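The structure file input.cif is reproduced below (mmCIF, N, CA and C atoms).
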data_input
#
loop_
_atom_site.label_atom_id
_atom_site.label_comp_id
_atom_site.auth_asym_id
_atom_site.auth_seq_id
_atom_site.Cartn_x
_atom_site.Cartn_y
_atom_site.Cartn_z
N MET A 1 39.72 156.48 115.35
CA MET A 1 39.46 157.59 114.50
C MET A 1 40.62 158.58 114.62
N ASN A 2 41.12 159.06 113.48
CA ASN A 2 42.23 160.01 113.48
C ASN A 2 41.73 161.41 113.74
N GLN A 3 42.34 162.05 114.70
CA GLN A 3 42.01 163.43 114.99
C GLN A 3 43.11 164.31 114.40
N PRO A 4 42.74 165.48 113.92
CA PRO A 4 43.79 166.36 113.38
C PRO A 4 44.75 166.78 114.48
N ALA A 5 45.99 167.00 114.07
CA ALA A 5 47.00 167.44 115.02
C ALA A 5 46.61 168.80 115.58
N PRO A 6 46.83 169.00 116.86
CA PRO A 6 46.47 170.31 117.44
C PRO A 6 47.35 171.41 116.84
N VAL A 7 46.74 172.53 116.58
CA VAL A 7 47.46 173.68 116.05
C VAL A 7 48.02 174.46 117.24
N PRO A 8 49.35 174.72 117.24
CA PRO A 8 49.91 175.45 118.38
C PRO A 8 49.36 176.88 118.44
N ASP A 9 49.19 177.37 119.65
CA ASP A 9 48.75 178.75 119.85
C ASP A 9 49.95 179.66 119.59
N LEU A 10 49.88 180.44 118.55
CA LEU A 10 50.99 181.31 118.18
C LEU A 10 50.95 182.65 118.91
N GLN A 11 50.06 182.76 119.89
CA GLN A 11 49.97 183.92 120.76
C GLN A 11 49.78 185.21 119.97
N GLY A 12 48.86 185.16 119.02
CA GLY A 12 48.52 186.36 118.28
C GLY A 12 49.49 186.76 117.19
N VAL A 13 50.47 185.93 116.88
CA VAL A 13 51.46 186.24 115.86
C VAL A 13 51.01 185.60 114.54
N ARG A 14 51.16 186.35 113.47
CA ARG A 14 50.81 185.80 112.15
C ARG A 14 51.68 184.58 111.84
N PRO A 15 51.07 183.50 111.36
CA PRO A 15 51.85 182.30 111.01
C PRO A 15 52.96 182.58 110.00
N SER A 16 52.74 183.53 109.11
CA SER A 16 53.78 183.84 108.11
C SER A 16 55.05 184.39 108.77
N LEU A 17 54.90 185.11 109.89
CA LEU A 17 56.08 185.61 110.60
C LEU A 17 56.82 184.48 111.31
N VAL A 18 56.08 183.51 111.82
CA VAL A 18 56.72 182.33 112.42
C VAL A 18 57.47 181.57 111.35
N GLN A 19 56.85 181.41 110.18
CA GLN A 19 57.52 180.70 109.07
C GLN A 19 58.78 181.45 108.65
N LEU A 20 58.69 182.78 108.57
CA LEU A 20 59.86 183.58 108.21
C LEU A 20 60.98 183.37 109.22
N THR A 21 60.65 183.33 110.48
CA THR A 21 61.66 183.13 111.52
C THR A 21 62.31 181.76 111.37
N HIS A 22 61.52 180.73 111.01
CA HIS A 22 62.09 179.41 110.71
C HIS A 22 63.05 179.51 109.52
N VAL A 23 62.67 180.25 108.49
CA VAL A 23 63.53 180.41 107.31
C VAL A 23 64.84 181.08 107.72
N ILE A 24 64.75 182.09 108.58
CA ILE A 24 65.96 182.79 109.02
C ILE A 24 66.88 181.85 109.80
N TYR A 25 66.31 181.05 110.72
CA TYR A 25 67.14 180.06 111.41
C TYR A 25 67.72 179.07 110.41
N GLY A 26 66.94 178.69 109.42
CA GLY A 26 67.43 177.77 108.39
C GLY A 26 68.61 178.36 107.62
N LEU A 27 68.53 179.63 107.28
CA LEU A 27 69.64 180.29 106.60
C LEU A 27 70.89 180.31 107.48
N HIS A 28 70.71 180.60 108.75
CA HIS A 28 71.85 180.58 109.67
C HIS A 28 72.42 179.16 109.77
N ALA A 29 71.54 178.16 109.82
CA ALA A 29 72.01 176.77 109.90
C ALA A 29 72.79 176.38 108.65
N VAL A 30 72.35 176.83 107.49
CA VAL A 30 73.08 176.56 106.25
C VAL A 30 74.46 177.19 106.32
N ALA A 31 74.56 178.41 106.85
CA ALA A 31 75.86 179.07 106.98
C ALA A 31 76.77 178.28 107.92
N VAL A 32 76.22 177.77 109.02
CA VAL A 32 77.02 176.94 109.93
C VAL A 32 77.47 175.67 109.22
N PHE A 33 76.58 175.03 108.48
CA PHE A 33 76.91 173.81 107.74
C PHE A 33 78.02 174.08 106.73
N ILE A 34 77.93 175.19 106.02
CA ILE A 34 78.99 175.55 105.06
C ILE A 34 80.32 175.72 105.79
N GLY A 35 80.28 176.36 106.96
CA GLY A 35 81.51 176.54 107.73
C GLY A 35 82.11 175.22 108.18
N VAL A 36 81.27 174.25 108.51
CA VAL A 36 81.74 172.94 108.97
C VAL A 36 82.30 172.13 107.81
N THR A 37 81.69 172.24 106.65
CA THR A 37 82.04 171.36 105.53
C THR A 37 82.98 171.99 104.50
N SER A 38 83.43 173.21 104.75
CA SER A 38 84.31 173.86 103.79
C SER A 38 85.60 174.31 104.48
N ALA A 39 86.41 175.00 103.72
CA ALA A 39 87.66 175.51 104.28
C ALA A 39 87.43 176.68 105.22
N ALA A 40 86.25 177.27 105.17
CA ALA A 40 85.93 178.39 106.07
C ALA A 40 85.71 177.87 107.48
N THR A 41 85.86 178.75 108.45
CA THR A 41 85.50 178.37 109.82
C THR A 41 83.99 178.53 109.97
N VAL A 42 83.44 177.93 111.00
CA VAL A 42 82.00 178.07 111.25
C VAL A 42 81.67 179.55 111.46
N ALA A 43 82.45 180.21 112.31
CA ALA A 43 82.18 181.62 112.59
C ALA A 43 82.36 182.47 111.33
N GLY A 44 83.38 182.19 110.55
CA GLY A 44 83.60 182.94 109.31
C GLY A 44 82.50 182.70 108.30
N GLY A 45 82.07 181.45 108.16
CA GLY A 45 80.96 181.14 107.26
C GLY A 45 79.68 181.78 107.73
N PHE A 46 79.52 181.88 109.04
CA PHE A 46 78.31 182.47 109.61
C PHE A 46 78.25 183.97 109.34
N VAL A 47 79.35 184.66 109.53
CA VAL A 47 79.36 186.11 109.40
C VAL A 47 79.49 186.56 107.94
N PHE A 48 80.30 185.87 107.17
CA PHE A 48 80.58 186.32 105.81
C PHE A 48 79.84 185.54 104.74
N GLY A 49 79.13 184.50 105.13
CA GLY A 49 78.39 183.69 104.16
C GLY A 49 77.10 184.37 103.75
N LEU A 50 76.75 184.21 102.49
CA LEU A 50 75.54 184.81 101.94
C LEU A 50 74.27 184.40 102.71
N PRO A 51 74.13 183.13 103.13
CA PRO A 51 72.90 182.79 103.87
C PRO A 51 72.69 183.63 105.12
N SER A 52 73.73 183.82 105.92
CA SER A 52 73.58 184.62 107.14
C SER A 52 73.40 186.10 106.83
N LEU A 53 74.05 186.58 105.80
CA LEU A 53 73.86 187.98 105.44
C LEU A 53 72.42 188.24 105.01
N ILE A 54 71.84 187.30 104.26
CA ILE A 54 70.43 187.41 103.87
C ILE A 54 69.55 187.34 105.12
N ALA A 55 69.89 186.42 106.03
CA ALA A 55 69.10 186.26 107.26
C ALA A 55 69.09 187.54 108.09
N VAL A 56 70.23 188.15 108.27
CA VAL A 56 70.30 189.37 109.08
C VAL A 56 69.57 190.51 108.37
N PHE A 57 69.68 190.57 107.05
CA PHE A 57 68.93 191.57 106.29
C PHE A 57 67.43 191.40 106.54
N LEU A 58 66.95 190.15 106.49
CA LEU A 58 65.53 189.87 106.76
C LEU A 58 65.15 190.24 108.19
N ASN A 59 66.06 189.97 109.13
CA ASN A 59 65.81 190.36 110.53
C ASN A 59 65.54 191.86 110.63
N TYR A 60 66.41 192.65 110.03
CA TYR A 60 66.23 194.10 110.11
C TYR A 60 65.01 194.56 109.32
N LEU A 61 64.77 193.94 108.19
CA LEU A 61 63.65 194.32 107.34
C LEU A 61 62.31 194.08 108.03
N LYS A 62 62.18 192.97 108.75
CA LYS A 62 60.91 192.57 109.34
C LYS A 62 60.84 192.82 110.86
N SER A 63 61.85 193.44 111.43
CA SER A 63 61.86 193.63 112.89
C SER A 63 60.67 194.45 113.37
N GLY A 64 60.21 195.39 112.59
CA GLY A 64 59.04 196.17 112.98
C GLY A 64 57.77 195.34 113.06
N ASP A 65 57.69 194.31 112.22
CA ASP A 65 56.50 193.44 112.21
C ASP A 65 56.40 192.56 113.45
N VAL A 66 57.54 192.27 114.09
CA VAL A 66 57.51 191.39 115.26
C VAL A 66 57.63 192.16 116.58
N ARG A 67 57.78 193.47 116.49
CA ARG A 67 57.94 194.28 117.71
C ARG A 67 56.75 194.07 118.65
N GLY A 68 57.06 193.82 119.90
CA GLY A 68 56.03 193.62 120.91
C GLY A 68 55.48 192.21 120.98
N THR A 69 56.02 191.29 120.17
CA THR A 69 55.56 189.90 120.20
C THR A 69 56.68 189.01 120.73
N TRP A 70 56.36 187.75 120.98
CA TRP A 70 57.38 186.81 121.45
C TRP A 70 58.44 186.54 120.37
N LEU A 71 58.12 186.81 119.12
CA LEU A 71 59.11 186.63 118.04
C LEU A 71 60.21 187.69 118.10
N GLU A 72 59.92 188.81 118.74
CA GLU A 72 60.94 189.86 118.85
C GLU A 72 62.19 189.31 119.54
N SER A 73 62.02 188.44 120.52
CA SER A 73 63.19 187.87 121.22
C SER A 73 64.03 187.03 120.26
N HIS A 74 63.39 186.36 119.31
CA HIS A 74 64.13 185.56 118.34
C HIS A 74 64.92 186.45 117.37
N PHE A 75 64.30 187.52 116.93
CA PHE A 75 65.00 188.44 116.04
C PHE A 75 66.19 189.06 116.75
N ARG A 76 65.98 189.47 117.99
CA ARG A 76 67.08 190.05 118.78
C ARG A 76 68.19 189.02 118.96
N TRP A 77 67.82 187.76 119.26
CA TRP A 77 68.76 186.66 119.45
C TRP A 77 69.60 186.45 118.18
N GLN A 78 68.93 186.42 117.03
CA GLN A 78 69.62 186.19 115.76
C GLN A 78 70.55 187.35 115.41
N ILE A 79 70.07 188.58 115.59
CA ILE A 79 70.89 189.74 115.26
C ILE A 79 72.10 189.82 116.19
N ARG A 80 71.88 189.59 117.48
CA ARG A 80 73.00 189.64 118.42
C ARG A 80 74.01 188.54 118.15
N THR A 81 73.54 187.37 117.80
CA THR A 81 74.47 186.28 117.47
C THR A 81 75.36 186.70 116.32
N PHE A 82 74.78 187.30 115.30
CA PHE A 82 75.56 187.74 114.13
C PHE A 82 76.60 188.78 114.53
N TRP A 83 76.17 189.85 115.21
CA TRP A 83 77.08 190.95 115.52
C TRP A 83 78.14 190.57 116.55
N PHE A 84 77.78 189.76 117.56
CA PHE A 84 78.80 189.33 118.52
C PHE A 84 79.81 188.40 117.86
N THR A 85 79.36 187.58 116.93
CA THR A 85 80.29 186.72 116.21
C THR A 85 81.26 187.56 115.40
N LEU A 86 80.75 188.57 114.71
CA LEU A 86 81.63 189.46 113.95
C LEU A 86 82.62 190.17 114.87
N LEU A 87 82.13 190.68 115.99
CA LEU A 87 83.01 191.37 116.94
C LEU A 87 84.14 190.45 117.40
N TRP A 88 83.80 189.23 117.81
CA TRP A 88 84.83 188.31 118.30
C TRP A 88 85.77 187.86 117.19
N LEU A 89 85.28 187.75 115.96
CA LEU A 89 86.18 187.43 114.85
C LEU A 89 87.21 188.54 114.63
N VAL A 90 86.79 189.78 114.77
CA VAL A 90 87.72 190.90 114.64
C VAL A 90 88.77 190.84 115.76
N VAL A 91 88.32 190.60 116.98
CA VAL A 91 89.26 190.49 118.11
C VAL A 91 90.24 189.35 117.87
N TYR A 92 89.73 188.20 117.46
CA TYR A 92 90.60 187.05 117.22
C TYR A 92 91.51 187.30 116.02
N GLY A 93 91.02 188.03 115.03
CA GLY A 93 91.86 188.41 113.90
C GLY A 93 93.04 189.26 114.34
N LEU A 94 92.78 190.14 115.29
CA LEU A 94 93.88 190.95 115.83
C LEU A 94 94.87 190.08 116.59
N LEU A 95 94.40 189.03 117.24
CA LEU A 95 95.31 188.10 117.92
C LEU A 95 96.18 187.35 116.91
N ILE A 96 95.60 187.02 115.78
CA ILE A 96 96.35 186.27 114.76
C ILE A 96 97.51 187.11 114.23
N VAL A 97 97.36 188.43 114.21
CA VAL A 97 98.41 189.31 113.72
C VAL A 97 99.69 189.15 114.55
N THR A 98 99.55 188.84 115.81
CA THR A 98 100.72 188.63 116.65
C THR A 98 101.12 187.15 116.60
N ILE A 99 102.38 186.88 116.62
CA ILE A 99 102.87 185.50 116.58
C ILE A 99 102.37 184.72 117.79
N ILE A 100 102.37 185.34 118.96
CA ILE A 100 101.97 184.67 120.19
C ILE A 100 100.49 184.28 120.14
N GLY A 101 99.67 185.10 119.45
CA GLY A 101 98.24 184.88 119.46
C GLY A 101 97.71 183.86 118.48
N ILE A 102 98.52 183.39 117.54
CA ILE A 102 98.00 182.50 116.49
C ILE A 102 97.37 181.24 117.06
N PRO A 103 98.07 180.46 117.89
CA PRO A 103 97.42 179.23 118.40
C PRO A 103 96.18 179.54 119.25
N LEU A 104 96.28 180.54 120.09
CA LEU A 104 95.15 180.91 120.94
C LEU A 104 93.97 181.38 120.09
N ALA A 105 94.24 182.18 119.08
CA ALA A 105 93.16 182.69 118.23
C ALA A 105 92.43 181.55 117.52
N TRP A 106 93.15 180.56 117.02
CA TRP A 106 92.49 179.45 116.31
C TRP A 106 91.64 178.62 117.26
N ILE A 107 92.10 178.46 118.49
CA ILE A 107 91.29 177.73 119.48
C ILE A 107 90.02 178.53 119.79
N LEU A 108 90.18 179.85 119.96
CA LEU A 108 89.02 180.70 120.26
C LEU A 108 88.05 180.75 119.09
N ILE A 109 88.56 180.75 117.86
CA ILE A 109 87.67 180.74 116.68
C ILE A 109 86.88 179.44 116.63
N ALA A 110 87.51 178.32 116.97
CA ALA A 110 86.79 177.04 117.01
C ALA A 110 85.70 177.07 118.08
N LEU A 111 86.03 177.61 119.25
CA LEU A 111 85.02 177.73 120.32
C LEU A 111 83.89 178.67 119.92
N LEU A 112 84.23 179.72 119.21
CA LEU A 112 83.21 180.65 118.73
C LEU A 112 82.27 179.94 117.76
N GLY A 113 82.81 179.06 116.93
CA GLY A 113 81.98 178.28 116.02
C GLY A 113 81.00 177.39 116.77
N LEU A 114 81.46 176.78 117.85
CA LEU A 114 80.56 175.96 118.68
C LEU A 114 79.47 176.82 119.31
N TRP A 115 79.84 178.01 119.75
CA TRP A 115 78.87 178.93 120.35
C TRP A 115 77.81 179.33 119.32
N VAL A 116 78.24 179.62 118.10
CA VAL A 116 77.30 179.99 117.03
C VAL A 116 76.33 178.83 116.78
N GLY A 117 76.87 177.61 116.66
CA GLY A 117 76.00 176.45 116.45
C GLY A 117 75.01 176.27 117.58
N TYR A 118 75.46 176.45 118.81
CA TYR A 118 74.59 176.37 119.97
C TYR A 118 73.47 177.40 119.89
N ARG A 119 73.80 178.63 119.54
CA ARG A 119 72.81 179.71 119.48
C ARG A 119 71.75 179.42 118.41
N VAL A 120 72.18 178.89 117.27
CA VAL A 120 71.23 178.57 116.21
C VAL A 120 70.30 177.45 116.67
N VAL A 121 70.87 176.40 117.23
CA VAL A 121 70.05 175.25 117.67
C VAL A 121 69.12 175.66 118.81
N ARG A 122 69.64 176.34 119.81
CA ARG A 122 68.81 176.72 120.97
C ARG A 122 67.65 177.63 120.55
N GLY A 123 67.96 178.61 119.71
CA GLY A 123 66.92 179.51 119.26
C GLY A 123 65.87 178.80 118.43
N TRP A 124 66.32 177.93 117.52
CA TRP A 124 65.38 177.23 116.66
C TRP A 124 64.50 176.27 117.45
N LEU A 125 65.07 175.62 118.46
CA LEU A 125 64.26 174.75 119.31
C LEU A 125 63.20 175.54 120.08
N ALA A 126 63.58 176.71 120.57
CA ALA A 126 62.60 177.55 121.27
C ALA A 126 61.49 177.98 120.31
N LEU A 127 61.86 178.34 119.09
CA LEU A 127 60.86 178.73 118.10
C LEU A 127 59.93 177.56 117.80
N SER A 128 60.48 176.38 117.66
CA SER A 128 59.66 175.20 117.38
C SER A 128 58.70 174.92 118.53
N GLY A 129 59.09 175.27 119.73
CA GLY A 129 58.23 175.09 120.90
C GLY A 129 57.31 176.28 121.16
N VAL A 130 57.29 177.23 120.22
CA VAL A 130 56.47 178.43 120.31
C VAL A 130 56.77 179.18 121.62
N ARG A 131 58.07 179.34 121.87
CA ARG A 131 58.52 180.04 123.08
C ARG A 131 59.49 181.14 122.69
N PRO A 132 59.53 182.22 123.45
CA PRO A 132 60.58 183.23 123.21
C PRO A 132 61.93 182.69 123.66
N VAL A 133 62.96 183.31 123.16
CA VAL A 133 64.33 182.97 123.60
C VAL A 133 64.63 183.86 124.80
N PRO A 134 65.22 183.28 125.86
CA PRO A 134 65.51 184.12 127.03
C PRO A 134 66.54 185.20 126.73
#

Can you turn what I pasted into structure tokens?
Amino acid sequence: MNQPAPVPDLQGVRPSLVQLTHVIYGLHAVAVFIGVTSAATVAGGFVFGLPSLIAVFLNYLKSGDVRGTWLESHFRWQIRTFWFTLLWLVVYGLLIVTIIGIPLAWILIALLGLWVGYRVVRGWLALSGVRPVP
């Protein structure tokens, strides 16, 4: 006899907020995919791409709804990933301005892209497991 799949305990969080958080991770993942498959870098696609800009807008718009819940850690994780990526892109952009910094900056931008991909995957996996992000 088939039994229905167990419903995960969302720890008092509205299912619509969990779905929204999945959508936000999905938007960030699309931005990473665009960065991988286009002339843009992963970090550049993540920060300047419309999917991530929409995602961060949604983070700020709905942050009050998740305050005090385990989803708050995901929103903080997503927002910090965006802003730290932008910060490091600016720093690396300043390195590119110098002749000495060009090769180093491109290596660091590639590493930053890997870090962004890691943050999206790690956060999304934690969300799928109904866990906060550390």

**Message:** With distances taken over only N, CA and C atoms, which residue among A:Val133, A:Ile99, A:Val36, A:Leu17 lies nearest Trp77 (chain A)?
**Reply:** A:Val133

**Of the listed residues A:Trp115, A:Ile54, A:Ala40, A:Ile107, that which approaches Leu95 (chain A) most closely, counting only C-alpha atoms** = A:Ile107

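Take the PyMOL selection byres ((chain A and resi 60-70) around 8) and apply it to this file: it picks Leu10, Gln11, Gly12, Val13, Leu17, Ile54, Ala55, Val56, Phe57, Leu58, Asn59, Leu71, Glu72, Ser73, His74, Phe75, Arg76, Ile79, Val130, Arg131, Pro132 and Val133 of chain A.
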
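CA of Val116 (chain A) to CA of Leu50 (chain A) spans 15.9 Å [interatomic distance, one decimal].
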
**Asked** Which residues match the PyMOL selection byres ((chain A and resi 25) around 8) in the file above, as a list in words?
**Response** Gln19, Leu20, Thr21, His22, Val23, Ile24, Gly26, Leu27, His28, Ala29, Val30, Ala31, Ala55, Gln78, Val120, Val121, Gly123 and Trp124 of chain A

Adding 8 Å on each side of the box along x, y and z that holds all listed atoms of region 36-47 of chain A, could you give its centre and edge lengths in Å to one decimal, as AutoDock Vina command-line options?
--center_x 83.0 --center_y 179.0 --center_z 108.2 --size_x 25.4 --size_y 31.2 --size_z 24.9

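We find atom C of Leu108 (chain A) and atom C of Phe82 (chain A) to be spaced 14.7 Å apart.
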
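Note that the spacing between atom N of Val18 (chain A) and atom C of Leu127 (chain A) amounts to 9.3 Å.
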
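Distances here use only N, CA and C atoms; by that measure, the residue among A:Gly35, A:Phe46, A:Tyr92, A:Gly129 closest to Trp106 (chain A) is A:Tyr92.
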
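When only N, CA and C atoms are used to measure the gap to Gly45 (chain A), the shortest distance among A:Val91, A:Val32, A:Ile96, A:Leu125 belongs to A:Val32.
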
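Comparing A:Arg80, A:Arg119, A:Val97, A:Thr85 by their smallest distance to Ala43 (chain A), the closest is A:Thr85 (using only N, CA and C atoms).
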
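Minimum distance to Thr81 (chain A) across A:Ala105, A:Val47, A:Ala39, A:Ala126 (counting only C-alpha atoms) occurs at A:Val47.
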